[in-house]
Each structure stands twice: as structure tokens, then as C-alpha cells.
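File shown here: input_38.cif, holding mmCIF, C-alpha atoms.
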```
data_my_file
#
loop_
_atom_site.label_atom_id
_atom_site.label_comp_id
_atom_site.auth_asym_id
_atom_site.auth_seq_id
_atom_site.Cartn_x
_atom_site.Cartn_y
_atom_site.Cartn_z
CA MET W 1 29.69 -16.46 -4.96
CA TYR W 2 26.16 -16.89 -3.56
CA ASN W 3 27.31 -19.92 -1.52
CA TRP W 4 30.12 -17.80 -0.08
CA PHE W 5 27.58 -15.26 1.17
CA LEU W 6 25.45 -18.02 2.70
CA LYS W 7 28.50 -19.52 4.43
CA PHE W 8 29.15 -16.27 6.29
CA GLY W 9 25.50 -15.55 6.99
CA LEU W 10 25.11 -12.94 4.29
CA VAL W 11 22.29 -13.11 1.78
CA MET W 12 22.24 -11.00 -1.36
CA CYS W 13 18.67 -10.07 -2.23
CA MET W 14 17.44 -9.68 -5.78
CA TYR W 15 14.59 -7.39 -6.77
CA ALA W 16 12.67 -6.54 -9.93
CA ILE W 17 10.86 -3.53 -11.36
CA GLY W 18 8.34 -3.77 -14.17
CA ILE W 19 9.14 -1.62 -17.17
CA GLY W 20 6.45 -0.71 -19.69
CA GLU W 21 6.10 1.89 -22.40
CA LYS W 22 7.08 4.67 -19.98
CA LYS W 23 10.71 3.78 -19.37
CA ASP W 24 12.62 6.92 -18.39
CA GLU W 25 11.68 7.17 -14.70
CA VAL W 26 12.07 3.41 -14.17
CA LEU W 27 15.54 3.55 -15.70
CA LYS W 28 16.51 6.44 -13.42
CA ALA W 29 15.48 4.39 -10.38
CA TYR W 30 17.29 1.33 -11.72
CA HIS W 31 20.57 3.21 -12.20
CA LYS W 32 20.33 4.84 -8.77
CA LEU W 33 19.74 1.49 -7.08
CA SER W 34 22.57 -0.10 -9.06
CA GLU W 35 24.93 2.65 -7.92
CA GLU W 36 24.08 1.66 -4.33
CA GLY W 37 24.89 -1.99 -5.01
CA ILE W 38 21.27 -3.18 -5.01
CA ASP W 39 20.57 -5.91 -7.56
CA VAL W 40 17.52 -5.06 -9.64
CA GLU W 41 16.18 -6.76 -12.75
CA LEU W 42 13.95 -4.93 -15.22
CA ILE W 43 11.06 -7.07 -16.49
CA ASN W 44 8.69 -6.07 -19.29
CA ASN W 45 6.27 -9.00 -18.97
CA PRO W 46 3.58 -8.76 -16.23
CA LYS W 47 3.26 -12.53 -15.77
CA THR W 48 7.02 -13.01 -15.60
CA LEU W 49 7.28 -10.31 -12.91
CA VAL W 50 4.62 -11.97 -10.75
CA ASP W 51 5.79 -15.55 -11.36
CA LYS W 52 9.39 -14.77 -10.47
CA LEU W 53 8.27 -13.24 -7.19
CA LEU W 54 5.93 -16.07 -6.22
CA ASN W 55 8.51 -18.69 -7.24
CA LYS W 56 10.99 -16.92 -4.94
CA GLU W 57 13.41 -16.23 -7.78
CA ILE W 58 13.42 -12.63 -6.56
CA ASP W 59 12.92 -11.21 -3.07
CA GLY W 60 10.60 -8.35 -3.98
CA ALA W 61 8.91 -6.76 -6.96
CA VAL W 62 7.57 -3.35 -7.94
CA ARG W 63 5.00 -2.89 -10.73
CA GLY W 64 6.88 0.08 -12.09
CA SER W 65 5.42 1.34 -15.34
CA LEU W 66 3.61 -1.85 -16.35
CA SER W 67 -0.14 -1.57 -16.85
CA SER W 68 -2.21 -2.19 -13.72
CA SER W 69 -4.93 -3.86 -15.79
CA LYS W 70 -2.42 -6.52 -16.84
CA VAL W 71 -0.53 -7.02 -13.57
CA ILE W 72 -3.24 -6.84 -10.89
CA PRO W 73 -5.73 -9.37 -12.34
CA TYR W 74 -2.94 -11.92 -12.84
CA LEU W 75 -1.66 -11.30 -9.33
CA ARG W 76 -5.16 -11.86 -7.93
CA GLU W 77 -5.44 -15.05 -9.94
CA LYS W 78 -2.25 -16.32 -8.31
CA VAL W 79 -2.58 -15.13 -4.69
CA GLY W 80 -6.30 -14.53 -4.16
CA ARG W 81 -7.96 -11.47 -2.73
CA PHE W 82 -5.88 -8.54 -1.49
CA TYR W 83 -6.13 -4.82 -0.85
CA ARG W 84 -3.70 -2.08 -1.81
CA ALA W 85 -2.52 0.58 0.62
CA SER W 86 -0.37 3.47 -0.57
CA ILE W 87 2.50 4.28 1.76
CA LEU W 88 3.02 8.04 2.01
CA LYS W 89 4.94 10.34 4.32
CA ASN W 90 2.78 12.47 6.60
CA PRO W 91 3.69 16.15 6.01
CA PHE W 92 2.90 17.04 9.65
CA ASN W 93 5.08 14.50 11.49
CA ARG W 94 7.23 13.04 8.67
CA GLU W 95 6.16 9.50 9.59
CA ILE W 96 4.63 7.07 7.11
CA PHE W 97 0.91 6.41 6.82
CA LEU W 98 -1.16 3.94 4.82
CA LEU W 99 -3.97 5.19 2.57
CA SER W 100 -6.47 2.56 1.44
CA PRO W 101 -8.39 1.52 -0.57
CA VAL W 102 -6.65 3.05 -3.60
CA GLY W 103 -7.70 0.55 -6.25
CA ILE W 104 -11.04 1.18 -7.93
CA ASP W 105 -11.86 -2.54 -7.65
CA ASP W 106 -10.23 -3.30 -4.30
CA ILE W 107 -13.45 -3.41 -2.29
CA ARG W 108 -16.98 -4.51 -3.12
CA GLU W 109 -19.62 -1.97 -4.10
CA ASP W 110 -22.58 -3.20 -2.02
CA ASN W 111 -22.89 -1.78 1.50
CA GLU W 112 -22.51 -5.04 3.41
CA GLY W 113 -19.58 -6.21 1.28
CA ARG W 114 -17.83 -2.86 1.56
CA ILE W 115 -18.06 -2.89 5.36
CA LYS W 116 -16.70 -6.44 5.57
CA ASP W 117 -13.87 -5.58 3.19
CA LYS W 118 -12.90 -2.47 5.16
CA ILE W 119 -12.81 -4.41 8.42
CA GLU W 120 -10.56 -7.01 6.80
CA LEU W 121 -8.42 -4.30 5.22
CA ILE W 122 -7.96 -2.60 8.60
CA ASN W 123 -6.92 -5.85 10.27
CA TYR W 124 -4.34 -6.51 7.56
CA ALA W 125 -3.04 -2.94 7.85
CA ILE W 126 -2.70 -3.34 11.62
CA ASN W 127 -0.68 -6.52 11.14
CA PHE W 128 1.55 -4.89 8.52
CA LEU W 129 2.39 -1.94 10.76
CA LYS W 130 3.01 -4.14 13.77
CA ARG W 131 5.41 -6.31 11.73
CA ASN W 132 7.30 -3.11 11.02
CA ASN W 133 7.30 -2.05 14.69
CA ILE W 134 4.79 0.77 14.17
CA LYS W 135 1.84 1.28 16.51
CA PRO W 136 -1.36 1.44 14.41
CA LYS W 137 -3.68 4.42 14.71
CA ILE W 138 -6.66 4.18 12.35
CA ALA W 139 -8.91 6.90 10.94
CA LEU W 140 -12.13 6.25 9.03
CA LEU W 141 -13.04 8.87 6.44
CA SER W 142 -16.61 9.59 5.36
CA GLY W 143 -18.07 12.04 2.83
CA GLY W 144 -18.68 15.03 5.07
CA ARG W 145 -18.45 16.46 8.56
CA LEU W 146 -20.44 14.53 11.14
CA SER W 147 -22.60 17.63 11.50
CA ASP W 148 -23.49 17.36 7.79
CA TYR W 149 -25.61 14.30 8.46
CA GLY W 150 -29.02 14.73 6.82
CA ARG W 151 -27.89 17.09 4.05
CA SER W 152 -27.08 14.38 1.48
CA LYS W 153 -28.18 10.76 1.19
CA GLU W 154 -24.82 9.77 -0.30
CA VAL W 155 -22.88 11.45 2.50
CA ASP W 156 -25.24 9.92 5.09
CA LYS W 157 -24.43 6.44 3.75
CA THR W 158 -20.69 6.98 4.19
CA ILE W 159 -21.13 8.32 7.72
CA GLU W 160 -23.39 5.42 8.70
CA GLU W 161 -20.91 2.95 7.24
CA CYS W 162 -18.01 4.39 9.24
CA GLU W 163 -20.06 4.36 12.43
CA LYS W 164 -20.84 0.66 11.91
CA ILE W 165 -17.15 -0.13 11.41
CA LEU W 166 -16.23 1.96 14.46
CA LYS W 167 -18.85 0.12 16.55
CA TYR W 168 -17.54 -3.25 15.33
CA PHE W 169 -14.01 -2.58 16.55
CA LYS W 170 -15.15 -1.03 19.82
CA GLU W 171 -17.17 -4.16 20.55
CA THR W 172 -14.64 -6.75 19.36
CA ASP W 173 -11.27 -5.26 20.29
CA GLU W 174 -11.06 -2.17 22.50
CA LYS W 175 -7.28 -2.11 22.06
CA VAL W 176 -7.64 -0.96 18.44
CA ASP W 177 -7.02 2.79 18.25
CA ILE W 178 -9.64 3.90 15.74
CA VAL W 179 -11.55 7.14 15.16
CA HIS W 180 -14.15 8.53 12.77
CA ASN W 181 -13.97 12.29 12.29
CA GLY W 182 -15.90 12.54 9.03
CA ILE W 183 -14.15 14.05 6.03
CA LEU W 184 -11.44 15.86 8.03
CA ILE W 185 -8.36 14.13 6.65
CA GLU W 186 -6.17 17.10 7.61
CA GLU W 187 -7.10 16.66 11.28
CA VAL W 188 -6.45 12.92 11.47
CA LEU W 189 -3.07 13.39 9.80
CA LYS W 190 -2.20 16.14 12.30
CA ASP W 191 -3.20 13.69 15.05
CA GLY W 192 -0.71 11.14 13.68
CA CYS W 193 -3.14 8.54 12.34
CA ASN W 194 -1.19 6.09 10.19
CA VAL W 195 -4.01 4.10 8.58
CA ILE W 196 -6.41 6.29 6.60
CA VAL W 197 -9.45 4.41 5.27
CA ALA W 198 -11.05 6.21 2.33
CA PRO W 199 -14.79 5.97 1.61
CA ASP W 200 -14.08 3.87 -1.50
CA GLY W 201 -11.39 3.03 -4.04
CA ILE W 202 -12.26 5.96 -6.31
CA SER W 203 -11.90 8.61 -3.60
CA GLY W 204 -8.82 6.82 -2.24
CA ASN W 205 -7.23 6.83 -5.69
CA LEU W 206 -8.04 10.54 -6.09
CA MET W 207 -6.51 11.31 -2.69
CA PHE W 208 -3.35 9.39 -3.57
CA ARG W 209 -3.02 11.27 -6.87
CA CYS W 210 -3.53 14.62 -5.13
CA PHE W 211 -1.07 13.78 -2.36
CA GLY W 212 1.59 11.96 -4.35
CA LEU W 213 1.37 13.09 -7.96
CA VAL W 214 0.18 16.70 -7.55
CA CYS W 215 1.40 17.85 -4.13
CA GLY W 216 4.51 15.67 -4.22
CA LEU W 217 4.24 13.90 -0.87
CA GLU W 218 7.06 11.38 -0.65
CA GLY W 219 5.76 7.88 -1.23
CA TYR W 220 6.82 4.26 -1.45
CA GLY W 221 4.19 2.69 -3.67
CA ALA W 222 1.22 0.64 -2.49
CA VAL W 223 1.79 -2.48 -0.42
CA LEU W 224 -0.42 -5.54 -0.86
CA LEU W 225 -2.48 -6.36 2.23
CA ASN W 226 -3.77 -9.91 2.67
CA ASN W 227 -3.14 -13.02 4.78
CA LYS W 228 0.24 -13.61 3.14
CA GLU W 229 3.44 -11.59 3.30
CA ILE W 230 4.05 -10.74 -0.34
CA ASN W 231 6.79 -8.25 -1.13
CA PHE W 232 5.00 -6.69 -4.09
CA PHE W 233 4.53 -2.93 -4.31
CA ASP W 234 2.08 -1.39 -6.74
CA THR W 235 3.15 1.89 -8.29
CA SER W 236 1.66 4.38 -10.70
CA ARG W 237 2.86 4.55 -14.31
CA ASN W 238 2.93 8.34 -13.80
CA ALA W 239 5.28 8.22 -10.82
CA THR W 240 8.74 9.75 -10.73
CA TRP W 241 11.86 7.62 -10.35
CA LYS W 242 11.93 8.37 -6.60
CA ARG W 243 8.75 6.40 -5.94
CA TYR W 244 10.10 3.28 -7.69
CA TYR W 245 13.39 3.73 -5.84
CA ASN W 246 11.63 4.18 -2.49
CA ALA W 247 9.52 1.06 -3.04
CA ILE W 248 12.59 -1.14 -3.53
CA LYS W 249 14.31 0.45 -0.53
CA PHE W 250 11.23 -0.18 1.62
CA ILE W 251 11.16 -3.85 0.58
CA GLU W 252 14.88 -4.08 1.26
CA ASN W 253 14.34 -2.81 4.82
CA ILE W 254 11.59 -5.39 5.35
CA ASN W 255 13.96 -8.15 4.24
CA LYS W 256 16.72 -6.85 6.52
CA ASP W 257 14.39 -6.91 9.51
CA LYS W 258 13.55 -10.56 8.78
CA SER W 259 17.19 -11.64 8.51
#
```

Take the structure in the file and give it back as C-alpha cells.
Amino acid sequence: MYNWFLKFGLVMCMYAIGIGEKKDEVLKAYHKLSEEGIDVELINNPKTLVDKLLNKEIDGAVRGSLSSSKVIPYLREKVGRFYRASILKNPFNREIFLLSPVGIDDIREDNEGRIKDKIELINYAINFLKRNNIKPKIALLSGGRLSDYGRSKEVDKTIEECEKILKYFKETDEKVDIVHNGILIEEVLKDGCNVIVAPDGISGNLMFRCFGLVCGLEGYGAVLLNNKEINFFDTSRNATWKRYYNAIKFIENINKDKS
């Protein structure tokens, strides 16, 4: 049957979702996708999920309800360094935006390392959006309003860091649309920014949980950003079935665009 599809230029893609102790929402997504004729395999072993993807036995994978502490380290062992960016739908313009970092260990903790990681993260995010025919518009978030500078040493550090990143892009590539408006995430979303760079992985993870798991913003999981195109989406174990479903549909659209 597969050869018949190849003969007529049609390729059937196969996907997988990880299924851990929390099964109900994953099963709901699985059944919904199956009803739409999308082939999905449920995998309960983190290494098997990653290996099947990297060996090209499947065309995309979603972490589902498997433990992040078991999947992510093994994935890093296999593919090297990467960043995670949650894909959410902007409530003001209904377009998608990337929020990153959202992993508590995605970027380094020292000031110099964090700046280098954020610059790399931004470049990967730009490439990802361009591959999906979306014009990147980046916003750097710091810990307070710019006028708050001097009130808190911790806030001052985040503002100074963002200004250094802003200066880097202004000096190296003036075509990059990037702004730093302090802590005002509501303003940069209203302005249509589609790459939101959090101060660190902890605050980014908190923002994702507030947006996606408390306020219910529609989301698609977190895409991996690195120098490879890996169709793996990270998802929370506490997500509803819709987020797992959306992640597979997003990967499916990426594969359609490539074909």
C-alpha cells in the first residue's frame, strides 16, 4: 500500500505521542486524530519515542504525558543543544507567537552564557518562523519597566541584559525587527510580536503555565529550536487533549509544506 502512495506522489505520514501515567487526555487526542485519518502511534518508552523519530521511522513526535526529566535529557544526548519555544495563539490578533525559554535548564545561568544563548535562541526562532512563511517580530522581556531601573539590582540585571542583546542585533543585522519594552508583555503582544524572549526559563515556564494552563490560550506544544529541523514537540503532562492534538496537526502542516 505504501508503494502505491509513493507511485502516485502521495506520502502517508506517521506520528507518535508519548503516553505516561496520565493517559486520558492523550487517548482523547489519539482518537480524535484517528477519526481524521491521521496515523498516530502511542509510545510509553521515552527512548523508543526519540529513537523512532531520529531513525525516521516516524515523521514527527510529541512528548505527550511522558516525564520531561526522562525525555529531554535523552533527546539532548542524541541531538545536542536545543531550546524550547512554546507556540501559543495571541489573544489580540489570533496569530501564533513563540514564547522562550520555557525550560528551566534551556539556557545557562551565568550572565555571559545567558546572553549568548538568547542570541542563538532568537536566530533559531527567526529561521523557524521564516520556514513557515511568518515574518519575525521579536520582543525582549526584562523584570520591570525601563523606568524602574535603579530600584532593584535583580531587575537592573535583566534590563541591562536585554539592552546588550538589542545592541547586538542593531549592530549585526539591522533587518531584525526587535524591541525591548521591559516587562510589558501585554503591549508587545498587542503590537503583534511573535517571538517573546522571557528573562529566564523559570519565568518563561511560569508565563506558559499562566497563558496555556490557567487562562486557556490555545497552544501547540513547544517546538525544538536548534540547527536541525527536528519535528519534536514538547508538551506538558498537565495539558488537555487539544494541545496534543494541535501539536500533531502543526507538525502535519510542516510536513505538507515540505512535500

Which one of W:Lys170, W:Lys116, W:Lys153, W:Arg237 sits closest to Gly20 (chain W) if you count all atoms listed in the file?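 For Gly20 (chain W), the nearest of the given residues is W:Arg237.
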
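Near region 189-205 of chain W, within 6 Å and counting all atoms listed in the file, sit Phe92, Phe97, Leu98, Leu99, Ser100, Pro101, Val102, Gly103, Ile104, Lys137, Ile138, Ala139, Leu140, Leu141 and Ser142 of chain W; same-chain residues fewer than 4 positions away were not included.
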
Saved selection, atoms kept: C-alpha atoms, as a PDB file, in the frame of the given file:
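The resulting file, result.pdb, is shown below:
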```
ATOM      1  CA  PHE W  92       2.900  17.040   9.650  1.00  0.00           C
ATOM      2  CA  PHE W  97       0.910   6.410   6.820  1.00  0.00           C
ATOM      3  CA  LEU W  98      -1.160   3.940   4.820  1.00  0.00           C
ATOM      4  CA  LEU W  99      -3.970   5.190   2.570  1.00  0.00           C
ATOM      5  CA  SER W 100      -6.470   2.560   1.440  1.00  0.00           C
ATOM      6  CA  PRO W 101      -8.390   1.520  -0.570  1.00  0.00           C
ATOM      7  CA  VAL W 102      -6.650   3.050  -3.600  1.00  0.00           C
ATOM      8  CA  GLY W 103      -7.700   0.550  -6.250  1.00  0.00           C
ATOM      9  CA  ILE W 104     -11.040   1.180  -7.930  1.00  0.00           C
ATOM     10  CA  LYS W 137      -3.680   4.420  14.710  1.00  0.00           C
ATOM     11  CA  ILE W 138      -6.660   4.180  12.350  1.00  0.00           C
ATOM     12  CA  ALA W 139      -8.910   6.900  10.940  1.00  0.00           C
ATOM     13  CA  LEU W 140     -12.130   6.250   9.030  1.00  0.00           C
ATOM     14  CA  LEU W 141     -13.040   8.870   6.440  1.00  0.00           C
ATOM     15  CA  SER W 142     -16.610   9.590   5.360  1.00  0.00           C
TER      16      SER W 142
END
```

Point-to-point distance in Å for CA of Lys78 (chain W) and CA of Asp51 (chain W):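 The value is 8.6 Å.
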
For this structure, which residues satisfy the selection - the PyMOL selection byres ((chain W and resi 177) around 8) - when it is evaluated on the file as given? I want them as a PyMOL selection string. chain W and resi 136-138+174-176+178-179

Using all atoms listed in the file, which protein or nucleic acid residues come within 10 Å of Arg145 (chain W)? Drop anything in the same chain fewer than 4 positions from it, and give the result as a ChimeraX atom specification. /W:141,149,155,159,180-184

As an exercise, work out the distance from CA of Tyr168 (chain W) to CA of Leu121 (chain W) in Å and give it to one decimal place. 13.7 Å

Spatial neighbours of Lys52 (chain W), max dist 12 Å, only C-alpha atoms, sep filter under 5 positions, as number ranges by chain: W: 14-18, 41-43, 45-47, 57-62, 75, 78, 231-232

Output as an mmCIF file, in the coordinates of the input: region 202-224 of chain W, completed with N, CA and C atoms.
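As written to disk, out_28.cif reads:
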```cif
data_model
loop_
_atom_site.group_PDB
_atom_site.id
_atom_site.type_symbol
_atom_site.label_atom_id
_atom_site.label_comp_id
_atom_site.auth_asym_id
_atom_site.auth_seq_id
_atom_site.Cartn_x
_atom_site.Cartn_y
_atom_site.Cartn_z
ATOM 1 N N ILE W 202 -12.341 4.794 -5.423
ATOM 2 C CA ILE W 202 -12.260 5.960 -6.310
ATOM 3 C C ILE W 202 -11.732 7.172 -5.537
ATOM 4 N N SER W 203 -12.350 7.460 -4.392
ATOM 5 C CA SER W 203 -11.900 8.610 -3.600
ATOM 6 C C SER W 203 -10.484 8.378 -3.070
ATOM 7 N N GLY W 204 -10.167 7.129 -2.709
ATOM 8 C CA GLY W 204 -8.820 6.820 -2.240
ATOM 9 C C GLY W 204 -7.789 7.041 -3.335
ATOM 10 N N ASN W 205 -8.131 6.633 -4.562
ATOM 11 C CA ASN W 205 -7.230 6.830 -5.690
ATOM 12 C C ASN W 205 -7.040 8.318 -5.982
ATOM 13 N N LEU W 206 -8.134 9.094 -5.892
ATOM 14 C CA LEU W 206 -8.040 10.540 -6.090
ATOM 15 C C LEU W 206 -7.157 11.186 -5.027
ATOM 16 N N MET W 207 -7.326 10.745 -3.768
ATOM 17 C CA MET W 207 -6.510 11.310 -2.690
ATOM 18 C C MET W 207 -5.036 11.003 -2.913
ATOM 19 N N PHE W 208 -4.743 9.747 -3.305
ATOM 20 C CA PHE W 208 -3.350 9.390 -3.570
ATOM 21 C C PHE W 208 -2.767 10.272 -4.670
ATOM 22 N N ARG W 209 -3.524 10.472 -5.751
ATOM 23 C CA ARG W 209 -3.020 11.270 -6.870
ATOM 24 C C ARG W 209 -2.802 12.728 -6.456
ATOM 25 N N CYS W 210 -3.702 13.247 -5.626
ATOM 26 C CA CYS W 210 -3.530 14.620 -5.130
ATOM 27 C C CYS W 210 -2.315 14.714 -4.220
ATOM 28 N N PHE W 211 -2.196 13.765 -3.298
ATOM 29 C CA PHE W 211 -1.070 13.780 -2.360
ATOM 30 C C PHE W 211 0.259 13.542 -3.085
ATOM 31 N N GLY W 212 0.315 12.414 -3.818
ATOM 32 C CA GLY W 212 1.590 11.960 -4.350
ATOM 33 C C GLY W 212 1.986 12.550 -5.683
ATOM 34 N N LEU W 213 1.024 12.686 -6.602
ATOM 35 C CA LEU W 213 1.370 13.090 -7.960
ATOM 36 C C LEU W 213 1.181 14.577 -8.221
ATOM 37 N N VAL W 214 0.362 15.258 -7.387
ATOM 38 C CA VAL W 214 0.180 16.700 -7.550
ATOM 39 C C VAL W 214 0.971 17.465 -6.486
ATOM 40 N N CYS W 215 0.750 17.119 -5.227
ATOM 41 C CA CYS W 215 1.400 17.850 -4.130
ATOM 42 C C CYS W 215 2.812 17.332 -3.821
ATOM 43 N N GLY W 216 3.141 16.167 -4.351
ATOM 44 C CA GLY W 216 4.510 15.670 -4.220
ATOM 45 C C GLY W 216 4.881 15.092 -2.877
ATOM 46 N N LEU W 217 3.883 14.584 -2.114
ATOM 47 C CA LEU W 217 4.240 13.900 -0.870
ATOM 48 C C LEU W 217 5.127 12.704 -1.194
ATOM 49 N N GLU W 218 6.175 12.528 -0.424
ATOM 50 C CA GLU W 218 7.060 11.380 -0.650
ATOM 51 C C GLU W 218 6.288 10.092 -0.443
ATOM 52 N N GLY W 219 6.489 9.127 -1.334
ATOM 53 C CA GLY W 219 5.760 7.880 -1.230
ATOM 54 C C GLY W 219 6.617 6.682 -1.571
ATOM 55 N N TYR W 220 6.067 5.500 -1.306
ATOM 56 C CA TYR W 220 6.820 4.260 -1.450
ATOM 57 C C TYR W 220 6.059 3.217 -2.271
ATOM 58 N N GLY W 221 5.021 3.645 -2.972
ATOM 59 C CA GLY W 221 4.190 2.690 -3.670
ATOM 60 C C GLY W 221 3.102 2.158 -2.749
ATOM 61 N N ALA W 222 2.318 1.214 -3.267
ATOM 62 C CA ALA W 222 1.220 0.640 -2.490
ATOM 63 C C ALA W 222 1.530 -0.812 -2.158
ATOM 64 N N VAL W 223 1.528 -1.114 -0.870
ATOM 65 C CA VAL W 223 1.790 -2.480 -0.420
ATOM 66 C C VAL W 223 0.534 -3.315 -0.579
ATOM 67 N N LEU W 224 0.714 -4.621 -0.810
ATOM 68 C CA LEU W 224 -0.420 -5.540 -0.860
ATOM 69 C C LEU W 224 -0.751 -5.983 0.560
#
```
